[in-house]
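> Input structure: model-v1.cif, which contains mmCIF, C-alpha atoms.
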data_upload
#
loop_
_atom_site.label_atom_id
_atom_site.label_comp_id
_atom_site.auth_asym_id
_atom_site.auth_seq_id
_atom_site.Cartn_x
_atom_site.Cartn_y
_atom_site.Cartn_z
CA MET A 1 47.33 -78.47 76.96
CA ALA A 2 48.52 -79.26 73.47
CA SER A 3 46.18 -76.70 72.06
CA GLN A 4 47.55 -74.16 74.44
CA SER A 5 51.08 -74.74 73.33
CA ARG A 6 49.95 -74.68 69.74
CA ARG A 7 47.94 -71.60 70.30
CA GLY A 8 50.85 -69.89 71.83
CA GLY A 9 51.56 -68.03 68.67
CA ILE A 10 52.19 -65.08 70.87
CA SER A 11 55.02 -66.78 72.51
CA LEU A 12 56.79 -67.38 69.23
CA PRO A 13 58.12 -63.89 68.73
CA GLU A 14 58.96 -63.84 72.38
CA ARG A 15 61.11 -66.83 71.87
CA ARG A 16 62.66 -65.32 68.81
CA GLY A 17 62.99 -62.10 70.66
CA ARG A 18 64.70 -63.85 73.38
CA GLY A 19 67.21 -65.08 70.91
CA SER A 20 68.13 -61.74 69.35
CA SER A 21 66.60 -59.26 71.76
CA LYS A 22 69.80 -57.31 71.93
CA GLN A 23 69.82 -56.03 68.30
CA GLU A 24 66.58 -56.15 66.29
CA PRO A 25 64.10 -54.37 68.57
CA ASN A 26 66.73 -51.87 69.30
CA ILE A 27 67.11 -50.85 65.69
CA LEU A 28 63.37 -50.91 65.10
CA ALA A 29 62.74 -48.98 68.25
CA LYS A 30 65.48 -46.58 67.35
CA ILE A 31 63.96 -46.00 63.94
CA ASN A 32 60.47 -45.89 65.34
CA ASN A 33 61.28 -43.59 68.15
CA SER A 34 63.57 -41.28 66.26
CA GLN A 35 62.25 -37.74 65.95
CA ILE A 36 62.62 -37.52 62.22
CA VAL A 37 60.35 -40.49 61.61
CA SER A 38 57.68 -39.34 63.99
CA LYS A 39 57.82 -35.84 62.60
CA GLY A 40 57.75 -37.21 59.08
CA LYS A 41 54.75 -39.30 59.93
CA GLN A 42 53.04 -36.29 61.40
CA ALA A 43 53.88 -34.21 58.37
CA ALA A 44 52.63 -36.90 56.01
CA CYS A 45 49.38 -37.17 57.96
CA ASP A 46 48.98 -33.41 57.90
CA ALA A 47 49.76 -33.24 54.22
CA VAL A 48 47.21 -35.91 53.41
CA PHE A 49 44.63 -34.15 55.57
CA VAL A 50 45.27 -30.78 53.98
CA ALA A 51 45.30 -32.25 50.49
CA LYS A 52 42.02 -34.00 51.15
CA LYS A 53 40.45 -30.84 52.46
CA LEU A 54 41.89 -28.79 49.63
CA LEU A 55 40.61 -31.25 47.07
CA LYS A 56 37.21 -31.27 48.69
CA SER A 57 36.97 -27.48 48.85
CA THR A 58 38.26 -26.99 45.32
CA GLY A 59 35.76 -29.57 44.18
CA LYS A 60 32.98 -27.70 45.92
CA ALA A 61 34.19 -24.38 44.55
CA ALA A 62 34.38 -25.85 41.06
CA TRP A 63 30.88 -27.24 41.43
CA ILE A 64 29.49 -23.87 42.54
CA ALA A 65 31.37 -22.01 39.84
CA GLY A 66 30.31 -24.53 37.21
CA THR A 67 26.64 -24.48 38.08
CA SER A 68 26.65 -20.70 38.33
CA PHE A 69 28.28 -20.50 34.94
CA LEU A 70 25.67 -22.88 33.56
CA ILE A 71 22.91 -20.60 34.85
CA LEU A 72 24.41 -17.21 34.08
CA ALA A 73 26.60 -17.54 31.04
CA VAL A 74 25.36 -20.43 28.92
CA PRO A 75 21.93 -18.93 28.13
CA LEU A 76 23.64 -15.61 27.41
CA ILE A 77 26.02 -17.20 24.92
CA ILE A 78 23.18 -19.03 23.21
CA GLU A 79 21.03 -15.91 23.00
CA MET A 80 23.89 -13.79 21.68
CA ASP A 81 24.55 -16.39 19.03
CA ARG A 82 20.90 -16.43 18.03
CA GLU A 83 20.84 -12.66 17.87
CA GLN A 84 23.87 -12.63 15.63
CA GLN A 85 22.35 -15.26 13.35
CA LEU A 86 19.19 -13.22 13.13
CA ASN A 87 21.16 -10.11 12.27
CA GLU A 88 23.06 -11.96 9.57
CA LEU A 89 19.86 -13.37 8.14
CA GLU A 90 18.32 -9.93 8.05
CA LEU A 91 21.39 -8.49 6.40
CA GLN A 92 21.28 -11.22 3.78
CA GLN A 93 17.61 -10.64 3.15
CA GLN A 94 18.18 -6.93 2.90
CA SER A 95 20.94 -7.40 0.38
CA LEU A 96 18.74 -9.80 -1.59
CA LEU A 97 15.77 -7.45 -1.53
CA GLY A 98 17.82 -4.33 -1.83
CA ALA A 99 19.85 -5.54 -4.82
CA PRO A 100 17.24 -5.38 -7.63
CA PRO A 101 16.50 -1.64 -7.41
CA VAL A 102 20.21 -0.80 -7.44
CA GLY A 103 21.15 -2.91 -10.42
CA PRO A 104 19.38 -2.52 -13.78
CA PRO A 105 16.27 -4.68 -14.14
CA PRO A 106 16.83 -7.84 -16.17
CA PRO A 107 15.92 -7.22 -19.85
CA LYS A 108 13.10 -9.28 -21.32
CA MET B 1 13.65 -1.97 26.60
CA ALA B 2 10.38 -1.07 25.04
CA GLY B 3 10.74 -4.02 22.68
CA PHE B 4 10.29 -6.59 25.37
CA VAL B 5 8.13 -5.74 28.35
CA PRO B 6 6.52 -8.23 30.70
CA PRO B 7 2.76 -7.89 30.32
CA GLY B 8 0.84 -5.42 32.38
CA THR B 9 3.35 -4.55 35.02
CA THR B 10 5.82 -2.10 33.61
CA LEU B 11 4.14 -0.53 30.62
CA LEU B 12 3.32 2.67 32.41
CA GLY B 13 6.72 2.83 34.01
CA ASN B 14 8.46 2.68 30.67
CA GLU B 15 6.39 5.48 29.25
CA ALA B 16 7.19 7.58 32.24
CA THR B 17 10.91 6.81 31.88
CA SER B 18 11.07 7.82 28.26
CA GLU B 19 9.08 10.93 29.04
CA ALA B 20 11.37 11.86 31.86
CA ALA B 21 14.43 11.09 29.74
CA LYS B 22 13.14 13.36 27.01
CA LYS B 23 12.54 16.15 29.46
CA ILE B 24 15.98 15.70 30.92
CA ASP B 25 17.55 15.88 27.48
CA GLU B 26 15.74 19.11 26.77
CA VAL B 27 16.78 20.71 30.00
CA HIS B 28 20.31 19.41 29.83
CA LYS B 29 21.26 21.88 27.12
CA LYS B 30 20.11 24.90 29.04
CA ALA B 31 20.70 23.86 32.65
CA ASP B 32 17.97 26.29 33.58
CA TYR B 33 17.19 25.95 37.26
CA LEU B 34 13.73 27.38 36.87
CA ASN B 35 12.70 24.69 34.43
CA LEU B 36 13.81 21.49 36.08
CA PRO B 37 12.36 18.18 34.93
CA CYS B 38 9.73 16.38 36.94
CA PRO B 39 11.35 13.68 39.10
CA ILE B 40 10.11 10.14 39.23
CA PRO B 41 7.84 9.10 42.11
CA TYR B 42 9.48 8.51 45.48
CA GLU B 43 8.53 4.83 45.67
CA GLU B 44 10.06 4.16 42.26
CA LEU B 45 13.51 5.52 43.04
CA HIS B 46 15.21 2.20 42.48
CA ARG B 47 13.08 1.35 39.48
CA GLU B 48 15.84 0.55 36.98
CA ALA B 49 17.83 -1.50 39.46
CA LEU B 50 14.74 -3.42 40.56
CA MET B 51 13.80 -4.13 36.96
CA SER B 52 17.22 -5.59 36.26
CA LEU B 53 17.85 -7.36 39.54
CA LYS B 54 14.47 -8.49 40.79
CA PRO B 55 12.34 -10.13 38.15
CA GLU B 56 9.52 -12.35 39.30
CA TYR B 57 11.33 -15.60 39.93
CA PHE B 58 9.02 -18.55 40.24
CA GLU B 59 9.20 -22.28 40.69
CA GLY B 60 7.25 -24.87 38.77
CA MET B 61 5.05 -24.23 35.79
CA ARG B 62 2.96 -21.25 34.83
CA PHE B 63 0.75 -20.46 31.94
CA ASP B 64 -0.70 -17.02 31.30
CA PHE B 65 -3.27 -16.22 28.72
CA THR B 66 -4.61 -12.75 28.03
CA LYS B 67 -7.43 -12.15 25.64
CA GLY B 68 -8.46 -8.67 24.63
CA LEU B 69 -12.20 -8.41 24.15
CA ASN B 70 -11.96 -4.92 22.76
CA GLN B 71 -9.42 -2.13 22.83
CA LYS B 72 -9.98 -1.28 26.47
CA PHE B 73 -11.15 -4.46 28.07
CA SER B 74 -9.27 -7.71 28.43
CA LEU B 75 -9.55 -10.93 30.40
CA SER B 76 -6.66 -12.94 31.71
CA HIS B 77 -6.37 -16.52 32.83
CA SER B 78 -3.36 -18.05 34.43
CA VAL B 79 -2.48 -21.41 35.87
CA MET B 80 0.39 -21.92 38.28
CA MET B 81 1.62 -25.29 39.45
CA GLY B 82 4.59 -26.08 41.53
CA PRO B 83 6.03 -26.33 44.98
CA MET B 84 5.38 -23.51 47.37
CA GLU B 85 7.79 -22.70 50.15
CA ILE B 86 6.51 -22.67 53.72
CA PRO B 87 8.34 -20.44 56.17
CA SER B 88 10.02 -22.54 58.82
CA GLN B 89 12.59 -22.20 61.57
CA SER B 90 15.06 -24.70 60.16
CA SER B 91 17.51 -23.72 57.45
CA GLU B 92 16.15 -26.33 55.06
CA ALA B 93 13.19 -25.09 53.09
CA ILE B 94 9.95 -27.03 53.34
CA LYS B 95 7.90 -27.18 50.19
CA ILE B 96 4.45 -28.41 49.44
CA PRO B 97 3.00 -28.82 45.97
CA THR B 98 0.28 -26.36 45.07
CA ALA B 99 -1.81 -25.44 42.07
CA HIS B 100 -3.65 -22.21 41.45
CA TYR B 101 -5.89 -20.76 38.84
CA GLU B 102 -6.16 -17.02 38.57
CA PHE B 103 -8.83 -15.13 36.73
CA GLY B 104 -8.39 -11.48 35.98
CA ALA B 105 -10.15 -8.63 34.28
CA ASN B 106 -8.45 -5.46 33.09
CA PHE B 107 -9.90 -2.20 31.93
CA ILE B 108 -7.33 0.22 30.60
CA ASP B 109 -8.28 3.63 29.38
CA HIS B 110 -6.02 6.62 28.91
CA LYS B 111 -7.38 8.08 32.15
CA THR B 112 -8.34 5.08 34.23
CA MET B 113 -6.93 1.67 34.83
CA LEU B 114 -8.89 -1.01 36.68
CA ILE B 115 -7.35 -4.38 37.35
CA GLY B 116 -8.97 -7.22 39.26
CA ARG B 117 -7.61 -10.67 40.10
CA VAL B 118 -9.28 -13.66 41.76
CA LEU B 119 -7.37 -16.75 42.85
CA THR B 120 -8.86 -20.14 43.56
CA ASP B 121 -7.58 -20.06 47.15
CA GLY B 122 -9.82 -17.09 47.83
CA ARG B 123 -7.50 -14.16 47.37
CA VAL B 124 -8.96 -11.15 45.64
CA ASN B 125 -6.80 -8.30 44.45
CA ALA B 126 -7.96 -5.03 42.96
CA ARG B 127 -5.99 -2.08 41.66
CA VAL B 128 -7.29 1.24 40.50
CA LYS B 129 -5.39 4.07 38.94
CA CYS B 130 -7.34 7.08 37.94
CA ASP B 131 -6.31 10.57 36.81
CA LEU B 132 -8.64 12.95 38.59
CA THR B 133 -7.17 16.01 36.94
CA ASP B 134 -4.06 16.49 34.81
CA ASP B 135 -1.85 16.71 37.89
CA LEU B 136 -3.71 14.76 40.52
CA ALA B 137 -3.96 10.99 40.33
CA LEU B 138 -5.62 8.48 42.60
CA LYS B 139 -4.18 5.03 43.07
CA ALA B 140 -5.81 2.34 45.15
CA ASN B 141 -4.73 -1.18 45.93
CA ALA B 142 -6.85 -3.64 47.84
CA GLN B 143 -6.24 -7.23 48.77
CA LEU B 144 -8.70 -9.54 50.46
CA THR B 145 -7.71 -12.93 51.79
CA ASN B 146 -9.34 -15.52 53.97
CA GLU B 147 -6.39 -15.40 56.37
CA PRO B 148 -7.00 -12.90 59.15
CA HIS B 149 -4.93 -9.70 59.23
CA MET B 150 -3.63 -10.20 55.73
CA SER B 151 -6.22 -8.12 53.93
CA HIS B 152 -5.28 -4.57 53.26
CA VAL B 153 -6.37 -1.46 51.44
CA ILE B 154 -4.06 1.37 50.44
CA LEU B 155 -5.10 4.65 48.88
CA ASN B 156 -2.56 6.96 47.26
CA PHE B 157 -3.06 10.51 46.09
CA ASP B 158 -0.28 11.60 43.78
CA TYR B 159 0.25 15.21 42.90
CA LYS B 160 2.63 15.98 40.09
CA GLY B 161 4.05 19.46 39.96
CA LYS B 162 6.36 21.02 37.41
CA ASP B 163 9.58 19.91 39.11
CA TYR B 164 8.33 17.95 42.10
CA ARG B 165 5.99 15.16 43.05
CA SER B 166 4.19 14.55 46.28
CA GLN B 167 2.15 11.66 47.52
CA LEU B 168 -0.26 11.11 50.35
CA GLN B 169 -0.87 7.55 51.43
CA LEU B 170 -3.74 6.22 53.52
CA GLY B 171 -4.19 2.62 54.48
CA ASN B 172 -6.07 0.37 56.82
CA GLY B 173 -4.51 -0.29 60.21
CA ALA B 174 -4.19 3.48 60.58
CA LEU B 175 -1.39 3.78 58.08
CA PHE B 176 -0.54 7.30 57.01
CA GLY B 177 2.31 8.29 54.81
CA ALA B 178 3.49 11.23 52.82
CA SER B 179 6.41 11.69 50.50
CA TYR B 180 7.87 14.54 48.52
CA ILE B 181 10.55 14.56 45.88
CA GLN B 182 12.05 17.57 44.20
CA SER B 183 14.45 18.03 41.31
CA VAL B 184 17.45 19.98 42.48
CA THR B 185 19.54 20.06 39.33
CA PRO B 186 18.70 18.66 35.89
CA HIS B 187 20.17 15.31 36.94
CA MET B 188 19.71 15.23 40.65
CA SER B 189 16.59 14.87 42.74
CA LEU B 190 16.15 14.67 46.49
CA GLY B 191 13.20 13.48 48.49
CA ALA B 192 11.88 12.69 51.91
CA GLU B 193 9.05 10.67 53.39
CA VAL B 194 7.27 10.27 56.69
CA PHE B 195 4.97 7.46 57.71
CA TRP B 196 2.99 6.39 60.72
CA ALA B 197 1.50 2.95 61.19
CA GLY B 198 -0.95 3.18 64.07
CA GLN B 199 -1.65 -0.51 64.37
CA HIS B 200 1.97 -1.50 64.83
CA ARG B 201 2.82 1.71 66.71
CA LYS B 202 5.61 2.51 64.33
CA SER B 203 6.63 5.67 62.67
CA GLY B 204 9.56 6.70 60.60
CA VAL B 205 11.28 9.20 58.41
CA GLY B 206 13.22 8.50 55.26
CA TYR B 207 15.43 10.43 52.91
CA ALA B 208 16.46 9.63 49.40
CA GLY B 209 18.53 10.94 46.57
CA ARG B 210 18.80 10.01 42.95
CA TYR B 211 21.23 11.00 40.29
CA GLU B 212 20.63 10.08 36.70
CA THR B 213 22.16 10.75 33.35
CA ASP B 214 21.38 8.95 30.13
CA LYS B 215 24.22 6.49 30.82
CA MET B 216 23.73 5.72 34.49
CA VAL B 217 21.33 5.91 37.39
CA ALA B 218 22.37 6.00 41.02
CA ALA B 219 19.94 6.07 43.89
CA GLY B 220 20.28 5.94 47.61
CA GLN B 221 17.78 5.78 50.43
CA VAL B 222 17.94 5.77 54.22
CA ALA B 223 15.07 5.39 56.63
CA SER B 224 14.76 5.54 60.39
CA THR B 225 13.59 1.91 60.36
CA GLY B 226 17.26 1.07 59.92
CA LEU B 227 17.19 0.41 56.24
CA MET B 228 19.81 1.69 53.87
CA ALA B 229 19.52 0.90 50.20
CA LEU B 230 21.89 1.92 47.45
CA SER B 231 21.60 1.01 43.83
CA TYR B 232 23.52 1.76 40.69
CA VAL B 233 22.71 0.96 37.09
CA GLN B 234 25.12 1.49 34.23
CA LYS B 235 23.77 1.36 30.70
CA VAL B 236 26.64 -0.13 28.75
CA SER B 237 24.80 0.05 25.46
CA GLU B 238 21.24 0.21 24.21
CA LYS B 239 20.77 -3.48 24.86
CA VAL B 240 22.95 -4.11 27.85
CA SER B 241 22.84 -2.68 31.31
CA LEU B 242 24.68 -3.70 34.43
CA ALA B 243 23.20 -3.17 37.84
CA THR B 244 24.30 -3.50 41.41
CA ASP B 245 22.58 -2.92 44.68
CA PHE B 246 23.43 -2.90 48.35
CA MET B 247 21.03 -3.27 51.26
CA TYR B 248 21.94 -2.78 54.86
CA ASN B 249 19.75 -2.87 57.91
CA TYR B 250 21.56 -1.53 60.95
CA LEU B 251 18.99 -2.85 63.39
CA SER B 252 19.10 -6.47 62.27
CA LYS B 253 22.65 -6.18 60.83
CA ASP B 254 21.59 -7.74 57.57
CA VAL B 255 23.78 -6.96 54.61
CA THR B 256 23.13 -8.04 51.05
CA ALA B 257 24.78 -6.95 47.87
CA SER B 258 24.13 -8.18 44.39
CA VAL B 259 25.47 -7.68 40.91
CA GLY B 260 23.52 -8.42 37.79
CA TYR B 261 23.23 -7.94 34.08
CA ASP B 262 20.24 -7.22 31.90
CA TYR B 263 20.36 -8.04 28.20
CA ALA B 264 17.42 -6.87 26.15
CA LEU B 265 17.87 -8.54 22.79
CA ARG B 266 15.38 -8.48 19.95
CA GLN B 267 14.06 -11.98 20.50
CA ALA B 268 14.80 -12.36 24.16
CA ARG B 269 15.45 -10.61 27.39
CA LEU B 270 17.90 -12.17 29.82
CA ARG B 271 18.55 -11.09 33.37
CA GLY B 272 21.10 -12.68 35.64
CA LYS B 273 22.46 -11.84 39.04
CA ILE B 274 24.65 -13.14 41.77
CA ASP B 275 24.38 -12.00 45.34
CA SER B 276 26.40 -12.08 48.53
CA ASN B 277 24.29 -14.85 50.07
CA GLY B 278 25.67 -17.25 47.49
CA CYS B 279 22.51 -17.14 45.45
CA THR B 280 22.71 -17.20 41.67
CA SER B 281 19.63 -16.47 39.61
CA ALA B 282 18.72 -16.03 36.00
CA PHE B 283 15.53 -15.14 34.21
CA LEU B 284 15.04 -15.60 30.50
CA GLU B 285 12.08 -14.36 28.49
CA GLU B 286 12.12 -15.49 24.91
CA ARG B 287 9.74 -14.38 22.21
CA LEU B 288 8.79 -17.43 20.19
CA ASN B 289 6.20 -15.75 18.08
CA MET B 290 4.04 -12.63 18.06
CA GLY B 291 2.29 -12.66 21.42
CA LEU B 292 3.85 -15.91 22.53
CA ASN B 293 6.58 -15.71 25.12
CA PHE B 294 8.50 -18.46 26.78
CA VAL B 295 9.86 -17.82 30.24
CA LEU B 296 12.58 -19.69 32.09
CA SER B 297 13.52 -18.96 35.65
CA ALA B 298 16.36 -20.43 37.66
CA GLU B 299 17.54 -19.76 41.17
CA LEU B 300 20.40 -21.58 42.89
CA ASP B 301 20.96 -21.07 46.58
CA HIS B 302 24.19 -22.93 47.31
CA LYS B 303 24.15 -22.13 51.00
CA LYS B 304 20.68 -23.47 51.69
CA LYS B 305 20.92 -26.13 48.98
CA ASP B 306 17.70 -24.78 47.59
CA TYR B 307 17.35 -25.00 43.83
CA LYS B 308 14.36 -23.51 42.07
CA PHE B 309 13.58 -23.90 38.41
CA GLY B 310 10.53 -22.78 36.57
CA PHE B 311 9.22 -22.53 33.08
CA GLY B 312 6.24 -20.71 31.74
CA LEU B 313 4.34 -19.68 28.68
CA THR B 314 2.71 -16.30 28.16
CA VAL B 315 0.15 -15.96 25.42
CA GLY B 316 -1.34 -12.69 24.32
#
The structure in this file should be written as structure tokens.


Amino acid sequence: MASQSRRGGISLPERRGRGSSKQEPNILAKINNSQIVSKGKQAACDAVFVAKKLLKSTGKAAWIAGTSFLILAVPLIIEMDREQQLNELELQQQSLLGAPPVGPPPPK
Amino acid sequence: MAGFVPPGTTLLGNEATSEAAKKIDEVHKKADYLNLPCPIPYEELHREALMSLKPEYFEGMRFDFTKGLNQKFSLSHSVMMGPMEIPSQSSEAIKIPTAHYEFGANFIDHKTMLIGRVLTDGRVNARVKCDLTDDLALKANAQLTNEPHMSHVILNFDYKGKDYRSQLQLGNGALFGASYIQSVTPHMSLGAEVFWAGQHRKSGVGYAGRYETDKMVAAGQVASTGLMALSYVQKVSEKVSLATDFMYNYLSKDVTASVGYDYALRQARLRGKIDSNGCTSAFLEERLNMGLNFVLSAELDHKKKDYKFGFGLTVG
């Protein structure tokens, strides 16, 4: 019996409710049931859902774009760079080799 | 292009292209309709686009070694290791690891070309190309496998006229085909083909057109099997060309389009493409040394979540 009364935690708010049942639940219920709040809640839920989905899809798109870029463009950039280096090297060598005949040979 | 050619496969094609290009240049100045250039063979209409967009992608490792015994005769050895895809109903690809060794012998003369390949799984492949006279050439292709109904033999007789080409094709399974292509203007050629496959009780007609200048090549093909193929290649510069193709099958309602680039640099050749199935691929051939090429192949299929990467070494 004693445990029952102690356990009756449920009855506590009831008792309190009984005391001020005329004002508090009314305000809460008013706020809770008002259209603005429910609509706001709905909107917030929707916004979170859309944002989540948007984030997910942009993430996926970024992943696809990134990996495609890695496959298509990175090797191209590296190869172009190598080609340019090779061209420069050749130009340098040409100028080194080509210089002596143009200028007078060093006197001995 | 001539600087970097994958071994064996496209050498003859390139010679033919440069020859044709030369002829076109000559005729271009006169625009003489009695002396039109010889068109390219009907089956090679999309050659440039195929070269840029469809290199031999592979998965795993491969090593190719070719040793020339003398000027005409050479032996080739190649080892391939890697997963092989098994066709299945589900969208996910099933792969099993495989390893192959391939032994080949080539005899290349200025009039005849004999190529033989033997694989360790029992496949034998033989190709013959032989110029019977200056204008008439015989091509044969035979494949023997231990799987039933997969072996085939195809014989082609090619006749090359002054401004046209015709081909007669005979194959096993009562396959008969004929094609004809004619130059109409210095840049334009039109062709048609008929075929009849007795074993599958199928026959068809196809038409094709090709327009080429020294800056671009456009080709289109329709066939009564429902296939429509269009391709376009733009040569941006000597080293760079951009290609696009479009395939449509109105019986199975399959549509694919792809866009790609082809960079032929001095030390490397790089080909990349992206297609409408969400598949991105790239193929890099890099010359490390004289007669030593390094090959990298990558293929990403985002839709199927199928990623294929391969590397290879080609010696000789």

> Can you build me a table of range 175-290 of chain B residues sitting at most 8 Å from range 64-71 of chain A, with the closest atom pair per residue and its distance in Å to one decimal, using all atoms listed in the file, sorted by chain and residue number, as a Markdown table?


| residue | atom | partner | partner_atom | distance |
| --- | --- | --- | --- | --- |
| B:Thr280 | CA | A:Ser68 | CA | 6.2 |
| B:Ser281 | CA | A:Ile71 | CA | 7.1 |
| B:Ala282 | CA | A:Ile71 | CA | 6.3 |

> Go ahead and save the picked residues with C-alpha atoms, as a PDB file, in the coordinates of the input.


ATOM      1  CA  THR B 280      22.710 -17.200  41.670  1.00  0.00           C
ATOM      2  CA  SER B 281      19.630 -16.470  39.610  1.00  0.00           C
ATOM      3  CA  ALA B 282      18.720 -16.030  36.000  1.00  0.00           C
TER       4      ALA B 282
END

> Using all atoms listed in the file, I'd like a table of the residues in chain A that come within 12 Å of chain B; for each, show the closest atom pair and its distance in Å rounded to one decimal, ordered by chain and ascending number, as CSV.


residue,atom,partner,partner_atom,distance
A:Lys60,CA,B:His302,CA,10.1
A:Ala61,CA,B:His302,CA,10.5
A:Trp63,CA,B:His302,CA,9.9
A:Ile64,CA,B:His302,CA,7.2
A:Ala65,CA,B:Thr280,CA,10.1
A:Gly66,CA,B:Thr280,CA,11.5
A:Thr67,CA,B:Leu300,CA,8.4
A:Ser68,CA,B:Thr280,CA,6.2
A:Phe69,CA,B:Thr280,CA,9.3
A:Leu70,CA,B:Ala282,CA,10.1
A:Ile71,CA,B:Ala282,CA,6.3
A:Leu72,CA,B:Gly272,CA,5.8
A:Ala73,CA,B:Gly272,CA,8.7
A:Val74,CA,B:Ala282,CA,10.7
A:Pro75,CA,B:Leu284,CA,8.0
A:Leu76,CA,B:Leu270,CA,7.1
A:Ile77,CA,B:Leu270,CA,10.7
A:Ile78,CA,B:Ala268,CA,10.8
A:Glu79,CA,B:Ala268,CA,7.3
A:Met80,CA,B:Leu265,CA,8.1
A:Asp81,CA,B:Leu265,CA,11.0
A:Arg82,CA,B:Gln267,CA,8.5
A:Glu83,CA,B:Leu265,CA,7.1
A:Gln84,CA,B:Leu265,CA,10.2
A:Gln85,CA,B:Gln267,CA,11.4
A:Leu86,CA,B:Gln267,CA,9.1
A:Asn87,CA,B:Arg266,CA,9.7

> I need the residue nearest Val295 in chain B from this list: B:Asp131, B:Glu59, B:Glu85, B:Asp254. Use all atoms listed in the file for the distance.

B:Glu59

> Report, in Å with one decimal, the straight-line distance from CA of Thr225 in chain B to CA of Ala257 in chain B.

19.0 Å

> CA of Gln167 in chain B and CA of Gly116 in chain B are how many Å apart?

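Atom-to-atom, CA of Gln167 in chain B and CA of Gly116 in chain B are spaced 23.4 Å apart.
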
> Could you state the separation of CA of Tyr180 in chain B and CA of Arg165 in chain B in Å, given to one decimal place?

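Separating CA of Tyr180 in chain B from CA of Arg165 in chain B is a distance of 5.8 Å.
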
> List every protein, DNA or RNA residue that has an atom no more than 10 Å from (0.8, 2.5, 60.9) in the file's coordinate frame, counting all atoms listed in the file, and report them as a VMD selection string.

chain B and resid 170 to 177 195 to 204

> Counting all atoms listed in the file, select every polymer residue within 9 Å of (19.3, 11.0, 37.8) as defined in the file's coordinates, and provide the selection as a list in words.

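Checked against the point, the hits come out as Ile24, Pro39, Pro186, His187, Met188, Ser189, Gly209, Arg210, Tyr211, Glu212, Thr213, Asp214, Met216, Val217, Ala218 and Ala219 of chain B.
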
> Give me the residues near Met228 in chain B as an NGL selection string, where near means some atom within 12 Å (using only C-alpha atoms) and where sequence neighbours in that chain fewer than 3 positions away do not count.

:B and (206-209 or 219-225 or 231 or 245-257)

> Just checking: using all atoms listed in the file, which residue out of B:Ile40, B:Leu50, B:Leu132, B:Met84 ends up closest to Asp262 in chain B?

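Distance minimum relative to Asp262 in chain B lands on B:Leu50.
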
> Got a sec to resolve the PyMOL selection byres ((chain B and resi 123) around 8) on this structure and send the residues as a PyMOL selection string?

chain B and resi 118-122+124-125+143-146
